[in-house]
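For reference, the structure is listed below as C-alpha cells.
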Amino acid sequence: MRAMRRRLCPVGGAAILAAAALLCVDAPAARAQTHAPAENREISARRAAETRSFTDAQIIDGFFKVTFGAEFHTGGRIDRIRKFDVPVRAYIDNRGRPDRSGAIGQVIADIGRHVDKLDIAVTPDQRIANLVITLVRDRDLDRTIAGMFGRERARRIETALEPQCLSGFRKDETYRITRSEVILVVDAGDFIFYDCAYEEILQSLGPINDDESVPWTMFNDNVQMGFFDVYDQYLLNLLYHPRVRPGMNRDEARAVINDIMPEVRAFVARTNGLKE
C-alpha cells in the first residue's frame, strides 16, 4: 500500500486541530477486533526496519520541532509547551463497524506502558473522560466532524483536505490541555486504522506540529508507522516528564531537556530492550 498524507493543524482561540488524509489506498480489508489479531504485515515490516538508535541532538531537534508550533494556524500562540498535567482518561465512543474498541484499548495501554510519567487509561464513564475517541464509518466522517467542531470549521477542514482521521484539543490560558477529541475511521483497512490511531491519539496529547525534516517521527507527512516507534517514545517521554511544564517557551524547555535526557533514555531502553 502507498499512502500519502497532508495535515491541517488550525489553531483558533483555545482549540487546536490536527487532521490526516490518506490517499491512493490499497489496504487489506478491516477485521472486527473480537480478539487480538496477528499484527498487520505492513506494520510488522516497518517495525523490522525501524531505526532505534539516536543521538541526543537528533532527539532534542525532533522534540522542539513537533512540540512547538503548528503546521497551519489561524490564531493563538503556538510557541509554548502544551500538554495534560492531570491523568488522561479516554472514553471510546464506537459508532461504526467493525467495532475496533478493543484495538483502541490496546493502543491506549501500549502508549501508557511506553510513556513513563503519563497516566493514561480507558474509562467506561464519559462524564470523567478528558479524551474522547469517536470511531465512525468513512461515510459518516464528514457529518461527525461537523457535529463535533461546527459546520464552519468543518467546511474549512474539508476544503483543505479529505481527512481520514482527526484530532483536536482545548487548552486553558496556562497551556494545559483540558480536553481532547479524536475521530477515527474504522473501515478503511487495518494499516490505516492503526497508523491514524497512534498518530492522532499521540497528537491529542500535545505534539501537534508536523515536520518533514525529521525522518524518524510519525509526525511527518511522509512517514507512516502503524505503531508507537522508539523515536516518538523519546519525544513523548520528554514532553511528559514533570520538569517540562505547560506554558514553557523554548528557552525554558531547553534548560531542562539535557538534565532529564539520561532518565528518559534509561526508561526507553529498558522498555524496548535497547542498549543504553
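Each chain in the C-alpha cells gets a letter, A, B, ..., in the order shown, and its residues are numbered from 1; ligands are numbered from 1 in order too.
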Original post:
Can you list, as a PyMOL selection string, every protein, DNA or RNA residue that comes within 8 Å of Arg100 of chain A when you count only C-alpha atoms, leaving out same-chain residues fewer than 2 positions away?
Top reply: chain A and resi 32-33+94+97-98+102-104+135+186
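Atom CA of Gln126 of chain A is found 25.5 Å from atom CA of Phe228 of chain A.
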Subject >> Long-range neighbours of Ala129 of chain A as a list in words, 8 Å cut-off, only C-alpha atoms, 4 positions minimum in chain >> reply: Val88, Arg89, Ala90, Tyr91, Thr123 and Asp125 of chain A
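For Glu199 of chain A, the non-local neighbours within 9 Å, defined as residues at least 3 positions apart in the same chain or in other chains and counting only C-alpha atoms, are A:Ala20, A:Tyr194, A:Asp195, A:Cys196, A:Leu202, A:Gln203, A:Ser204, A:Met218, A:Phe219, A:Gln224, A:Met225, A:Gly226, A:Phe227, A:Phe228.
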Can you write out the residues you just picked, keeping N, CA, C and O atoms, as a PDB file, in the first residue's frame?
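Once written, part_6.pdb looks like this:
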ATOM      1  N   ALA A  20      -5.419  14.059   9.338  1.00  0.00           N
ATOM      2  CA  ALA A  20      -4.581  13.312   8.406  1.00  0.00           C
ATOM      3  C   ALA A  20      -5.447  12.806   7.278  1.00  0.00           C
ATOM      4  O   ALA A  20      -6.506  12.243   7.497  1.00  0.00           O
ATOM      5  N   TYR A 194      -4.566   1.683  12.346  1.00  0.00           N
ATOM      6  CA  TYR A 194      -3.556   1.756  13.404  1.00  0.00           C
ATOM      7  C   TYR A 194      -2.626   2.957  13.220  1.00  0.00           C
ATOM      8  O   TYR A 194      -2.218   3.592  14.204  1.00  0.00           O
ATOM      9  N   ASP A 195      -2.302   3.280  11.978  1.00  0.00           N
ATOM     10  CA  ASP A 195      -1.450   4.441  11.729  1.00  0.00           C
ATOM     11  C   ASP A 195      -2.147   5.710  12.227  1.00  0.00           C
ATOM     12  O   ASP A 195      -1.559   6.539  12.925  1.00  0.00           O
ATOM     13  N   CYS A 196      -3.427   5.845  11.899  1.00  0.00           N
ATOM     14  CA  CYS A 196      -4.192   7.004  12.365  1.00  0.00           C
ATOM     15  C   CYS A 196      -4.350   6.979  13.881  1.00  0.00           C
ATOM     16  O   CYS A 196      -4.232   8.014  14.543  1.00  0.00           O
ATOM     17  N   LEU A 202      -1.662  10.304  19.980  1.00  0.00           N
ATOM     18  CA  LEU A 202      -0.449  10.947  20.491  1.00  0.00           C
ATOM     19  C   LEU A 202      -0.488  12.453  20.247  1.00  0.00           C
ATOM     20  O   LEU A 202      -0.099  13.242  21.113  1.00  0.00           O
ATOM     21  N   GLN A 203      -0.972  12.876  19.086  1.00  0.00           N
ATOM     22  CA  GLN A 203      -1.056  14.316  18.841  1.00  0.00           C
ATOM     23  C   GLN A 203      -2.054  14.990  19.782  1.00  0.00           C
ATOM     24  O   GLN A 203      -1.869  16.147  20.165  1.00  0.00           O
ATOM     25  N   SER A 204      -3.082  14.264  20.168  1.00  0.00           N
ATOM     26  CA  SER A 204      -4.057  14.854  21.087  1.00  0.00           C
ATOM     27  C   SER A 204      -3.462  15.093  22.470  1.00  0.00           C
ATOM     28  O   SER A 204      -4.062  15.792  23.284  1.00  0.00           O
ATOM     29  N   MET A 218       6.551   9.778  13.341  1.00  0.00           N
ATOM     30  CA  MET A 218       5.267   9.673  12.662  1.00  0.00           C
ATOM     31  C   MET A 218       4.647  11.046  12.451  1.00  0.00           C
ATOM     32  O   MET A 218       3.710  11.185  11.667  1.00  0.00           O
ATOM     33  N   PHE A 219       5.172  12.090  13.131  1.00  0.00           N
ATOM     34  CA  PHE A 219       4.680  13.453  12.943  1.00  0.00           C
ATOM     35  C   PHE A 219       5.391  14.094  11.749  1.00  0.00           C
ATOM     36  O   PHE A 219       5.969  15.173  11.835  1.00  0.00           O
ATOM     37  N   GLN A 224       4.608   6.858   7.618  1.00  0.00           N
ATOM     38  CA  GLN A 224       3.514   6.097   8.208  1.00  0.00           C
ATOM     39  C   GLN A 224       4.114   4.927   8.981  1.00  0.00           C
ATOM     40  O   GLN A 224       4.964   4.211   8.454  1.00  0.00           O
ATOM     41  N   MET A 225       3.672   4.744  10.210  1.00  0.00           N
ATOM     42  CA  MET A 225       4.267   3.728  11.076  1.00  0.00           C
ATOM     43  C   MET A 225       3.281   2.615  11.425  1.00  0.00           C
ATOM     44  O   MET A 225       3.549   1.457  11.212  1.00  0.00           O
ATOM     45  N   GLY A 226       2.179   2.972  12.051  1.00  0.00           N
ATOM     46  CA  GLY A 226       1.218   1.974  12.484  1.00  0.00           C
ATOM     47  C   GLY A 226       1.515   1.396  13.856  1.00  0.00           C
ATOM     48  O   GLY A 226       0.833   0.478  14.306  1.00  0.00           O
ATOM     49  N   PHE A 227       2.524   1.937  14.531  1.00  0.00           N
ATOM     50  CA  PHE A 227       2.861   1.504  15.887  1.00  0.00           C
ATOM     51  C   PHE A 227       3.607   2.634  16.572  1.00  0.00           C
ATOM     52  O   PHE A 227       3.983   3.621  15.945  1.00  0.00           O
ATOM     53  N   PHE A 228       3.839   2.499  17.889  1.00  0.00           N
ATOM     54  CA  PHE A 228       4.490   3.536  18.680  1.00  0.00           C
ATOM     55  C   PHE A 228       6.000   3.302  18.604  1.00  0.00           C
ATOM     56  O   PHE A 228       6.560   2.538  19.373  1.00  0.00           O
TER      57      PHE A 228
END
Subject >> Minimum-distance residue to Gly273 of chain A, chosen among A:Ala255, A:Val214, A:Gly189, A:Ser53 (using only C-alpha atoms) >> reply: A:Ser53
